[in-house]
>>> print(open('entry_32.cif').read())   # mmCIF, C-alpha atoms and all ligand atoms
data_final
loop_
_atom_site.label_atom_id
_atom_site.label_comp_id
_atom_site.auth_asym_id
_atom_site.auth_seq_id
_atom_site.Cartn_x
_atom_site.Cartn_y
_atom_site.Cartn_z
CA MET G 1 115.87 130.30 99.86
CA ASN G 2 113.19 129.40 102.37
CA PRO G 3 115.03 128.41 105.57
CA PHE G 4 112.08 126.38 106.82
CA TYR G 5 111.66 122.87 105.63
CA VAL G 6 109.03 120.16 105.74
CA GLY G 7 109.99 116.81 104.32
CA ARG G 8 111.57 113.45 104.82
CA GLU G 9 115.17 114.48 104.40
CA PHE G 10 116.94 115.60 107.58
CA LYS G 11 118.27 119.16 107.39
CA ARG G 12 120.68 120.09 110.14
CA ASP G 13 120.17 123.82 109.51
CA ALA G 14 116.44 123.56 110.11
CA PHE G 15 116.74 121.36 113.18
CA ILE G 16 115.80 122.60 116.62
CA ASP G 17 117.77 120.69 119.16
CA ARG G 18 115.95 118.57 121.70
CA GLU G 19 118.95 118.48 123.99
CA GLU G 20 117.27 117.02 127.03
CA GLU G 21 115.69 114.13 125.17
CA THR G 22 118.94 113.46 123.31
CA LYS G 23 120.79 113.24 126.61
CA GLU G 24 118.23 110.84 128.05
CA VAL G 25 118.15 108.54 125.02
CA LEU G 26 121.94 108.57 124.81
CA LYS G 27 122.07 107.45 128.41
CA ILE G 28 119.79 104.50 127.65
CA ILE G 29 121.95 103.50 124.67
CA LYS G 30 125.17 103.83 126.64
CA SER G 31 123.81 101.59 129.35
CA SER G 32 123.55 98.96 126.59
CA ASN G 33 119.79 98.95 126.39
CA ASN G 34 117.62 98.98 123.32
CA VAL G 35 115.10 101.75 123.07
CA VAL G 36 111.82 102.24 121.28
CA LEU G 37 111.01 105.87 120.52
CA TYR G 38 107.40 106.45 119.79
CA ALA G 39 105.24 109.43 118.97
CA PRO G 40 102.40 110.15 116.58
CA ARG G 41 103.16 110.86 112.94
CA ARG G 42 105.21 113.94 112.12
CA PHE G 43 106.28 114.52 115.70
CA GLY G 44 109.93 114.51 114.72
CA LYS G 45 111.08 110.95 115.49
CA THR G 46 113.14 110.54 112.34
CA TRP G 47 114.75 113.96 112.68
CA PHE G 48 115.47 113.34 116.34
CA ALA G 49 117.16 110.05 115.52
CA LYS G 50 119.08 111.46 112.54
CA ASN G 51 120.49 114.10 114.85
CA LEU G 52 121.24 111.41 117.42
CA GLU G 53 123.25 109.59 114.75
CA GLU G 54 125.38 112.70 114.33
CA VAL G 55 125.92 112.92 118.07
CA LEU G 56 126.97 109.27 118.10
CA LYS G 57 129.40 109.98 115.27
CA THR G 58 131.12 112.66 117.35
CA GLU G 59 131.55 110.01 120.04
CA LYS G 60 132.95 107.59 117.46
CA ILE G 61 130.03 105.18 117.81
CA ASN G 62 128.99 103.51 114.56
CA SER G 63 125.40 103.48 113.47
CA MET G 64 123.24 102.31 110.61
CA TRP G 65 119.69 102.86 109.47
CA ILE G 66 116.94 100.61 108.11
CA ASP G 67 113.50 101.89 107.17
CA MET G 68 110.88 99.16 107.54
CA PHE G 69 108.29 101.10 105.57
CA SER G 70 110.14 100.73 102.27
CA THR G 71 111.47 97.27 103.16
CA VAL G 72 108.79 94.99 101.83
CA THR G 73 110.05 91.43 102.26
CA VAL G 74 112.40 89.55 104.56
CA LYS G 75 114.71 88.94 101.57
CA GLN G 76 114.89 92.65 100.92
CA PHE G 77 115.54 93.31 104.60
CA ILE G 78 118.46 90.89 104.50
CA SER G 79 119.93 92.49 101.38
CA ARG G 80 119.62 96.02 102.73
CA PHE G 81 120.88 95.14 106.16
CA ASN G 82 124.05 93.60 104.76
CA GLN G 83 124.58 96.53 102.43
CA GLU G 84 124.32 98.91 105.36
CA VAL G 85 126.66 96.89 107.57
CA SER G 86 129.26 96.77 104.81
CA LEU G 87 129.03 100.56 104.49
CA THR G 88 129.36 100.98 108.25
CA LEU G 89 132.43 98.75 108.27
CA LYS G 90 133.71 100.68 105.22
CA MET G 91 134.10 97.41 103.37
CA ASN G 92 133.59 96.62 99.73
CA LEU G 93 130.35 94.60 99.43
CA LEU G 94 131.97 91.55 97.87
CA ASP G 95 134.73 91.43 100.48
CA TYR G 96 132.15 91.84 103.19
CA MET G 97 130.05 88.95 101.83
CA LYS G 98 133.10 86.71 101.54
CA LYS G 99 134.07 87.46 105.09
CA TYR G 100 130.70 87.28 106.84
CA LEU G 101 128.36 85.21 104.71
CA SER G 102 130.72 82.97 102.75
CA ASP G 103 128.50 79.86 103.15
CA HIS G 104 125.62 81.59 101.39
CA ILE G 105 127.43 83.68 98.83
CA ALA G 106 125.93 81.68 95.95
CA SER G 107 122.47 82.86 96.96
CA PHE G 108 123.35 86.52 96.52
CA SER G 109 123.95 88.59 93.45
CA ILE G 110 125.81 91.86 93.50
CA ASN G 111 125.33 94.51 90.82
CA ILE G 112 128.27 95.50 88.61
CA ALA G 113 128.92 98.70 90.55
CA GLY G 114 129.22 96.56 93.67
CA THR G 115 126.70 98.67 95.56
CA ASN G 116 123.54 96.64 95.51
CA LEU G 117 122.77 93.21 96.85
CA GLU G 118 119.98 90.86 95.94
CA PHE G 119 119.18 87.77 97.96
CA LYS G 120 117.76 84.79 96.06
CA PRO G 121 117.53 82.00 98.61
CA SER G 122 117.37 78.39 97.53
CA SER G 123 114.82 77.52 100.20
CA GLU G 124 112.56 79.07 102.83
CA GLU G 125 114.87 77.65 105.48
CA GLU G 126 117.81 79.49 104.04
CA ILE G 127 115.98 82.81 104.50
CA TRP G 128 115.77 82.36 108.26
CA GLU G 129 119.26 80.97 108.56
CA VAL G 130 120.71 83.91 106.65
CA LEU G 131 118.56 86.36 108.57
CA PHE G 132 120.13 85.24 111.84
CA LYS G 133 123.63 85.32 110.38
CA THR G 134 122.97 88.76 108.94
CA LEU G 135 121.78 90.15 112.24
CA THR G 136 124.69 88.69 114.17
CA ALA G 137 127.55 89.09 111.66
CA PHE G 138 128.63 92.34 113.16
CA GLN G 139 128.77 90.85 116.64
CA SER G 140 130.79 87.82 115.73
CA LYS G 141 133.54 89.62 113.89
CA SER G 142 133.84 93.04 115.40
CA ASN G 143 134.46 94.45 118.85
CA GLU G 144 133.20 97.87 117.99
CA LYS G 145 129.87 99.10 119.23
CA ILE G 146 127.10 99.78 116.74
CA VAL G 147 123.68 101.38 117.07
CA ILE G 148 121.08 100.12 114.62
CA PHE G 149 118.14 102.40 113.90
CA ILE G 150 115.00 100.64 112.72
CA ASP G 151 112.56 103.30 111.49
CA GLU G 152 108.81 102.74 111.02
CA VAL G 153 109.02 99.70 113.27
CA GLN G 154 105.23 99.27 113.29
CA GLU G 155 105.70 97.95 109.74
CA MET G 156 107.67 95.02 111.13
CA VAL G 157 104.47 93.09 111.76
CA LYS G 158 104.25 92.47 108.02
CA MET G 159 107.41 90.33 108.31
CA GLY G 160 105.63 87.92 110.66
CA GLU G 161 106.36 86.59 114.12
CA LYS G 162 109.16 84.32 112.96
CA PHE G 163 111.11 87.42 111.93
CA GLU G 164 110.53 88.98 115.33
CA GLY G 165 111.58 85.75 117.05
CA ILE G 166 114.88 85.64 115.20
CA LEU G 167 115.46 89.31 115.90
CA ARG G 168 114.92 88.61 119.59
CA THR G 169 117.42 85.75 119.59
CA ALA G 170 119.93 87.93 117.75
CA ILE G 171 119.42 90.75 120.26
CA GLN G 172 120.07 88.34 123.12
CA HIS G 173 123.31 87.19 121.49
CA GLN G 174 124.74 90.65 121.11
CA SER G 175 126.43 92.81 123.68
CA ASN G 176 127.94 95.47 121.45
CA VAL G 177 124.84 96.11 119.33
CA ASN G 178 122.03 98.40 120.41
CA TYR G 179 118.78 98.96 118.64
CA VAL G 180 116.83 102.19 118.42
CA PHE G 181 113.34 101.42 117.15
CA LEU G 182 111.17 104.28 115.92
CA GLY G 183 107.44 103.83 115.68
CA SER G 184 104.39 105.93 115.13
CA ARG G 185 101.41 103.75 115.91
CA LYS G 186 101.36 103.55 119.65
CA SER G 187 98.98 100.61 119.72
CA VAL G 188 101.15 98.55 117.36
CA VAL G 189 104.35 99.53 119.14
CA GLU G 190 102.76 98.53 122.45
CA GLU G 191 101.73 95.24 120.93
CA ILE G 192 105.17 94.41 119.52
CA PHE G 193 107.24 95.36 122.54
CA PHE G 194 105.00 95.26 125.56
CA GLN G 195 102.60 92.37 125.14
CA LYS G 196 103.72 89.17 126.75
CA ALA G 197 102.85 86.90 123.85
CA HIS G 198 105.10 88.80 121.44
CA PRO G 199 108.66 87.61 120.74
CA LEU G 200 110.08 91.09 121.29
CA PHE G 201 108.35 91.51 124.66
CA LYS G 202 110.45 93.77 126.90
CA SER G 203 113.42 93.78 124.57
CA ALA G 204 113.51 97.58 124.52
CA ILE G 205 112.88 100.44 126.91
CA LYS G 206 110.09 102.71 125.77
CA TYR G 207 110.66 106.40 125.35
CA ASP G 208 107.74 108.65 124.56
CA LEU G 209 108.81 111.37 122.13
CA SER G 210 105.39 113.01 121.90
CA ARG G 211 106.91 116.09 123.44
CA TYR G 212 106.74 119.59 122.10
CA LEU G 213 109.83 121.53 121.04
CA PRO G 214 111.67 123.62 123.66
CA GLU G 215 110.28 127.14 123.89
CA ILE G 216 113.33 129.41 123.83
CA GLU G 217 115.16 127.41 121.16
CA THR G 218 112.09 127.37 118.92
CA ARG G 219 111.54 131.09 119.22
CA ASN G 220 115.22 131.79 118.51
CA PHE G 221 115.19 129.46 115.55
CA ILE G 222 112.26 131.29 113.97
CA ILE G 223 113.74 134.76 114.59
CA LYS G 224 117.23 133.81 113.36
CA SER G 225 115.91 132.07 110.26
CA PHE G 226 114.04 135.21 109.19
CA GLU G 227 117.03 137.40 110.05
CA LYS G 228 119.57 135.43 108.11
CA THR G 229 117.40 135.47 104.99
CA ASN G 230 116.89 139.24 105.27
CA LYS G 231 113.18 139.17 106.05
CA LYS G 232 111.53 141.17 108.80
CA ILE G 233 109.15 139.65 111.31
CA SER G 234 107.54 141.44 114.25
CA SER G 235 107.72 139.83 117.65
CA SER G 236 103.92 139.56 117.78
CA ALA G 237 104.07 137.64 114.48
CA VAL G 238 106.58 135.22 116.04
CA ASP G 239 104.17 134.85 118.96
CA SER G 240 101.39 134.05 116.49
CA ILE G 241 103.44 131.32 114.82
CA ILE G 242 104.07 129.84 118.26
CA THR G 243 100.40 130.09 119.26
CA PHE G 244 99.19 128.34 116.13
CA SER G 245 101.91 125.72 115.92
CA LYS G 246 102.00 124.98 119.65
CA PHE G 247 105.68 123.95 119.49
CA HIS G 248 104.73 120.94 117.38
CA PRO G 249 107.83 120.42 115.15
CA PHE G 250 106.01 119.79 111.90
CA TYR G 251 103.67 122.77 112.29
CA VAL G 252 106.42 125.13 113.42
CA GLN G 253 108.12 124.43 110.10
CA LEU G 254 104.96 124.36 108.01
CA ILE G 255 103.48 127.63 109.26
CA SER G 256 106.86 129.42 109.31
CA SER G 257 107.54 128.24 105.80
CA GLN G 258 104.22 129.57 104.48
CA VAL G 259 104.69 132.85 106.30
CA TRP G 260 108.20 133.24 104.90
CA ASP G 261 106.87 132.79 101.37
CA TYR G 262 104.00 135.18 101.95
CA LYS G 263 105.81 138.53 102.36
CA ASP G 264 109.12 140.22 103.20
CA LYS G 265 107.80 142.07 106.23
CA ILE G 266 105.59 139.98 108.46
CA GLU G 267 103.01 141.14 110.99
CA SER G 268 100.80 138.89 113.07
CA LYS G 269 97.79 139.41 110.78
CA ASP G 270 99.89 137.87 107.98
CA VAL G 271 100.43 134.77 110.11
CA GLU G 272 96.69 134.60 110.64
CA SER G 273 96.09 134.79 106.88
CA CYS G 274 98.56 132.00 106.23
CA VAL G 275 96.98 129.80 108.89
CA SER G 276 93.52 130.47 107.44
CA ASN G 277 94.81 129.44 104.03
CA LEU G 278 96.26 126.23 105.41
CA ILE G 279 92.99 125.45 107.16
CA SER G 280 90.91 126.06 104.04
CA GLN G 281 93.22 123.80 102.07
CA ASN G 282 92.55 121.07 104.64
CA GLU G 283 88.90 121.78 105.35
CA TYR G 284 87.53 118.86 103.42
CA PHE G 285 89.94 116.47 105.15
CA PHE G 286 89.11 117.89 108.60
CA GLN G 287 85.38 117.52 108.00
CA ASN G 288 85.86 113.95 106.93
CA LEU G 289 87.88 113.23 110.04
CA ILE G 290 84.94 114.28 112.22
CA GLU G 291 82.34 112.49 110.10
CA ASN G 292 84.34 109.28 110.11
CA MET G 293 84.19 109.21 113.90
CA ASN G 294 80.54 108.18 113.49
CA SER G 295 79.52 109.74 116.78
CA LYS G 296 77.23 112.68 117.37
CA TYR G 297 79.43 113.61 120.33
CA ALA G 298 82.72 113.68 118.44
CA LEU G 299 82.69 117.39 117.69
CA SER G 300 81.49 118.36 121.19
CA ILE G 301 84.27 116.36 122.77
CA LEU G 302 86.86 117.80 120.41
CA LYS G 303 85.60 121.26 121.26
CA MET G 304 85.78 120.45 124.95
CA ILE G 305 89.40 119.38 124.56
CA SER G 306 90.37 122.35 122.42
CA SER G 307 88.97 124.77 124.98
CA GLY G 308 90.80 123.04 127.82
CA GLU G 309 87.48 122.07 129.45
CA PHE G 310 87.68 118.34 129.13
CA SER G 311 86.24 116.35 132.03
CA TYR G 312 83.70 113.65 132.79
CA SER G 313 81.90 115.88 135.30
CA ALA G 314 78.11 116.11 135.51
CA ASP G 315 78.27 119.85 134.75
CA ASN G 316 80.15 119.17 131.55
CA LEU G 317 77.68 116.46 130.51
CA ILE G 318 74.82 118.92 130.93
CA LYS G 319 76.65 121.74 129.17
CA TRP G 320 77.48 119.62 126.13
CA GLU G 321 74.27 117.53 126.25
CA ILE G 322 76.10 114.25 126.46
CA ARG G 323 74.23 111.23 127.79
CA SER G 324 76.79 109.64 130.09
CA PRO G 325 80.48 109.50 131.00
CA ALA G 326 80.61 106.19 129.11
CA SER G 327 79.64 108.00 125.90
CA ILE G 328 82.59 110.33 126.39
CA ALA G 329 84.93 107.43 127.15
CA LYS G 330 83.94 105.65 123.96
CA VAL G 331 84.71 108.66 121.77
CA ILE G 332 87.97 109.37 123.63
CA LYS G 333 89.13 105.80 123.05
CA ASN G 334 88.41 106.10 119.36
CA LEU G 335 90.11 109.50 119.08
CA GLU G 336 93.18 108.19 120.88
CA GLU G 337 93.38 105.08 118.72
CA LYS G 338 93.28 107.22 115.61
CA GLU G 339 95.88 109.51 117.21
CA ILE G 340 93.64 112.51 116.61
CA ILE G 341 94.16 113.32 120.26
CA ILE G 342 97.19 112.54 122.41
CA LYS G 343 97.77 112.53 126.12
CA VAL G 344 100.69 114.60 127.32
CA ASP G 345 101.36 114.79 131.09
CA GLY G 346 97.91 113.39 131.79
CA LYS G 347 96.08 115.94 129.65
CA TYR G 348 94.44 115.48 126.25
CA PHE G 349 95.46 117.58 123.27
CA ILE G 350 94.34 117.62 119.67
CA GLU G 351 97.42 116.38 117.86
CA ASP G 352 97.22 118.62 114.80
CA PRO G 353 97.16 122.30 115.87
CA LEU G 354 95.58 123.35 112.55
CA PHE G 355 92.77 120.89 113.12
CA GLU G 356 92.45 122.29 116.62
CA THR G 357 92.04 125.83 115.24
CA PHE G 358 89.47 124.47 112.80
CA VAL G 359 87.54 122.78 115.63
CA LYS G 360 87.57 125.97 117.69
CA LYS G 361 86.19 127.97 114.78
CA ILE G 362 83.22 125.79 113.88
N1 LIG B 401 113.67 118.97 116.05
C1 LIG B 401 113.07 119.53 115.00
N2 LIG B 401 113.31 120.81 114.69
C2 LIG B 401 112.72 121.41 113.66
N3 LIG B 401 111.85 120.79 112.84
C3 LIG B 401 111.57 119.53 113.08
C4 LIG B 401 112.18 118.81 114.15
N4 LIG B 401 111.71 117.56 114.14
C5 LIG B 401 110.87 117.47 113.12
N5 LIG B 401 110.78 118.65 112.47
C6 LIG B 401 109.90 118.95 111.31
O1 LIG B 401 108.82 118.02 111.31
C7 LIG B 401 108.84 117.23 110.12
C8 LIG B 401 108.49 115.80 110.46
O2 LIG B 401 109.53 115.24 111.22
P1 LIG B 401 109.90 113.70 111.13
O3 LIG B 401 109.88 113.25 109.73
O4 LIG B 401 111.13 113.52 111.93
O5 LIG B 401 108.65 113.11 111.92
P2 LIG B 401 108.32 111.59 112.24
O6 LIG B 401 107.81 111.57 113.65
O7 LIG B 401 109.46 110.73 111.91
O8 LIG B 401 107.09 111.35 111.26
P3 LIG B 401 106.56 109.96 110.62
O9 LIG B 401 105.89 109.22 111.74
O10 LIG B 401 105.60 110.40 109.58
O11 LIG B 401 107.75 109.22 110.09
C9 LIG B 401 110.23 117.40 109.53
O12 LIG B 401 110.22 117.31 108.13
C10 LIG B 401 110.58 118.81 109.97
O13 LIG B 401 110.02 119.75 109.09
MG MG B 402 109.69 109.18 110.53
#
>>> encode(input="entry_32.cif", output="structure tokens", more="lines below")
Ligand SMILES: Nc1ncnc2c1ncn2[C@@H]1O[C@H](COP(=O)(O)OP(=O)(O)OP(=O)(O)O)[C@@H](O)[C@H]1O
Ligand SMILES: [Mg+2]
Amino acid sequence: MNPFYVGREFKRDAFIDREEETKEVLKIIKSSNNVVLYAPRRFGKTWFAKNLEEVLKTEKINSMWIDMFSTVTVKQFISRFNQEVSLTLKMNLLDYMKKYLSDHIASFSINIAGTNLEFKPSSEEEIWEVLFKTLTAFQSKSNEKIVIFIDEVQEMVKMGEKFEGILRTAIQHQSNVNYVFLGSRKSVVEEIFFQKAHPLFKSAIKYDLSRYLPEIETRNFIIKSFEKTNKKISSSAVDSIITFSKFHPFYVQLISSQVWDYKDKIESKDVESCVSNLISQNEYFFQNLIENMNSKYALSILKMISSGEFSYSADNLIKWEIRSPASIAKVIKNLEEKEIIIKVDGKYFIEDPLFETFVKKI
């Protein structure tokens, strides 16, 4: 079976440890702070946090997970949250409800299997009252510490500011509960947590996870995965996978996975063929991406970035026939907002390494 994996489900066997980041985030949690982990899409936030959950388990720290993307309404949030807490406390749902939400039990229905909760509030007011009780139930009745992961936190805006306000009050009431928020749209995450007017302003420490995978571990992971599935790969082919994927978690898995499927004995030219195939499959999408920028300078600036020549200098303006530094700044802003490019250690990179290869080629 292909040892490489691309998908939503966390697979421990295909996980490359980000030890340093795990240590740092763990430190933040242990100092009783909330943390917001952000990075562009597919940078490995969910996998990082799923692994962190396992680390917490070994330290006997409880955790639970809520995904805001698939949680559509506040009522659904309340139902899911309570279900998750009851699982964390290893309590039967009905017993849990009787113990923690006895005043509102008539507004909930539990399925016959006792696994699913549905909240049918009698009034709008009851929603907010129950939301607060839900968020603080754990605190009021338990001395154990719990870490609550809220994935796709940028989706929280759909719940409205009142939701965020209640969450803030709950956070302030709790000393043994820590939140780990995961978000992919930097601008929205900034808005929720770091703009003064927002209820959740400064309620979490930000941690930028737009970091590439560690070099040695990634290389070893690729080599070992081929070895253990009895396939041969030359060291120059491993180098090629690294060159094309740039240590970006998603692309390490994607390219390796294609290469694994391609042949039993891999040389670097095979990696090149697989990458070319992936690029042709995405060509239409890549072209659209450039066209939708609506700027005649978009491609030049992307090319500048991909060749490591990005600057606002006069020489560069002449070379690329760009009118002014302001024209560059405008395109850069747009590219950053769309997360087509990201800034790592003060330098711009094209986020998707396949798109970068495409840009270099045209
Ligand atoms: N540490 C890792 N080691 C190996 N592969 C990884 C790692 N992290 C992520 N991946 C790969 O990248 C893919 C995307 O990771 P993940 O779903 O965690 O990203 P994400 O940042 O949560 O994305 P999204 O913003 O879309 O939710 C995974 O399916 C997996 O193939
Ligand atoms: Mg995710």
>>> closest_atom_pairs(input="entry_32.cif", of="chain G", to="ligand LIG 401 (chain B)", cutoff="9 Å", atoms="all atoms listed in the file", output="CSV")
residue,atom,partner,partner_atom,distance
G:Phe4,CA,B:LIG401,O13,7.3
G:Tyr5,CA,B:LIG401,O13,4.9
G:Val6,CA,B:LIG401,O13,3.5
G:Gly7,CA,B:LIG401,O12,3.8
G:Arg8,CA,B:LIG401,O3,5.2
G:Glu9,CA,B:LIG401,O12,6.8
G:Phe10,CA,B:LIG401,O12,7.0
G:Lys11,CA,B:LIG401,C10,8.1
G:Arg12,CA,B:LIG401,N2,8.7
G:Asp13,CA,B:LIG401,C2,8.9
G:Ala14,CA,B:LIG401,C2,5.6
G:Phe15,CA,B:LIG401,N2,3.8
G:Ile16,CA,B:LIG401,N2,3.6
G:Asp17,CA,B:LIG401,N1,5.4
G:Arg18,CA,B:LIG401,N1,6.1
G:Tyr38,CA,B:LIG401,O6,8.0
G:Ala39,CA,B:LIG401,O6,6.3
G:Pro40,CA,B:LIG401,O9,6.0
G:Arg41,CA,B:LIG401,O9,3.4
G:Arg42,CA,B:LIG401,O8,3.3
G:Phe43,CA,B:LIG401,O6,3.9
G:Gly44,CA,B:LIG401,O4,3.2
G:Lys45,CA,B:LIG401,O6,3.8
G:Thr46,CA,B:LIG401,O4,3.6
G:Trp47,CA,B:LIG401,O4,3.7
G:Phe48,CA,B:LIG401,N1,5.9
G:Ala49,CA,B:LIG401,O4,7.8
G:Lys50,CA,B:LIG401,O4,8.2
G:Asn51,CA,B:LIG401,N1,8.5
G:Asp151,CA,B:LIG401,O11,7.8
G:Glu152,CA,B:LIG401,O11,6.6
G:Leu182,CA,B:LIG401,O7,7.8
G:Gly183,CA,B:LIG401,O9,6.9
G:Ser184,CA,B:LIG401,O9,5.0
G:Arg185,CA,B:LIG401,O9,8.2
G:Leu209,CA,B:LIG401,O6,8.5
G:Ser210,CA,B:LIG401,O6,8.7
G:Leu213,CA,B:LIG401,N1,6.8
G:Thr218,CA,B:LIG401,N2,7.9
G:Phe221,CA,B:LIG401,C2,8.6
G:His248,CA,B:LIG401,O1,7.9
G:Pro249,CA,B:LIG401,N5,4.4
G:Phe250,CA,B:LIG401,O1,3.4
G:Tyr251,CA,B:LIG401,O1,7.1
G:Val252,CA,B:LIG401,N3,7.0
G:Gln253,CA,B:LIG401,O13,5.2
G:Leu254,CA,B:LIG401,O13,6.9
>>> residues_near_point(input="entry_32.cif", point="(86.6, 119.4, 125.4)", cutoff="12 Å", atoms="only C-alpha atoms", output="PDB file with C-alpha atoms, keeping the file's coordinate frame")
ATOM      1  CA  TYR G 297      79.430 113.610 120.330  1.00  0.00           C
ATOM      2  CA  ALA G 298      82.720 113.680 118.440  1.00  0.00           C
ATOM      3  CA  LEU G 299      82.690 117.390 117.690  1.00  0.00           C
ATOM      4  CA  SER G 300      81.490 118.360 121.190  1.00  0.00           C
ATOM      5  CA  ILE G 301      84.270 116.360 122.770  1.00  0.00           C
ATOM      6  CA  LEU G 302      86.860 117.800 120.410  1.00  0.00           C
ATOM      7  CA  LYS G 303      85.600 121.260 121.260  1.00  0.00           C
ATOM      8  CA  MET G 304      85.780 120.450 124.950  1.00  0.00           C
ATOM      9  CA  ILE G 305      89.400 119.380 124.560  1.00  0.00           C
ATOM     10  CA  SER G 306      90.370 122.350 122.420  1.00  0.00           C
ATOM     11  CA  SER G 307      88.970 124.770 124.980  1.00  0.00           C
ATOM     12  CA  GLY G 308      90.800 123.040 127.820  1.00  0.00           C
ATOM     13  CA  GLU G 309      87.480 122.070 129.450  1.00  0.00           C
ATOM     14  CA  PHE G 310      87.680 118.340 129.130  1.00  0.00           C
ATOM     15  CA  SER G 311      86.240 116.350 132.030  1.00  0.00           C
ATOM     16  CA  TYR G 312      83.700 113.650 132.790  1.00  0.00           C
ATOM     17  CA  SER G 313      81.900 115.880 135.300  1.00  0.00           C
ATOM     18  CA  ASN G 316      80.150 119.170 131.550  1.00  0.00           C
ATOM     19  CA  LEU G 317      77.680 116.460 130.510  1.00  0.00           C
ATOM     20  CA  LYS G 319      76.650 121.740 129.170  1.00  0.00           C
ATOM     21  CA  TRP G 320      77.480 119.620 126.130  1.00  0.00           C
ATOM     22  CA  ILE G 322      76.100 114.250 126.460  1.00  0.00           C
ATOM     23  CA  ILE G 328      82.590 110.330 126.390  1.00  0.00           C
ATOM     24  CA  VAL G 331      84.710 108.660 121.770  1.00  0.00           C
ATOM     25  CA  ILE G 332      87.970 109.370 123.630  1.00  0.00           C
ATOM     26  CA  ILE G 341      94.160 113.320 120.260  1.00  0.00           C
ATOM     27  CA  LYS G 347      96.080 115.940 129.650  1.00  0.00           C
ATOM     28  CA  TYR G 348      94.440 115.480 126.250  1.00  0.00           C
ATOM     29  CA  PHE G 349      95.460 117.580 123.270  1.00  0.00           C
ATOM     30  CA  ILE G 350      94.340 117.620 119.670  1.00  0.00           C
ATOM     31  CA  GLU G 356      92.450 122.290 116.620  1.00  0.00           C
ATOM     32  CA  VAL G 359      87.540 122.780 115.630  1.00  0.00           C
ATOM     33  CA  LYS G 360      87.570 125.970 117.690  1.00  0.00           C
TER      34      LYS G 360
END
>>> atom_distance(input="entry_32.cif", atom1="CA of Val177 in chain G", atom2="CA of Asn62 in chain G")
9.7 Å
>>> residues_around(input="entry_32.cif", residues="Thr169 in chain G", least_positions_apart="2", cutoff="12 Å", atoms="all atoms listed in the file", output="ChimeraX atom specification")
/G:128,131-133,135-136,162-167,171-174,199-201,203
>>> residues_near_point(input="entry_32.cif", point="(88.8, 121.1, 105.7)", cutoff="12 Å", atoms="all atoms listed in the file", output="list in words")
Ser276, Asn277, Leu278, Ile279, Ser280, Gln281, Asn282, Glu283, Tyr284, Phe285, Phe286, Gln287, Asn288, Leu289, Ile290, Glu291, Leu354, Phe355, Glu356, Thr357, Phe358, Val359, Lys361 and Ile362 of chain G
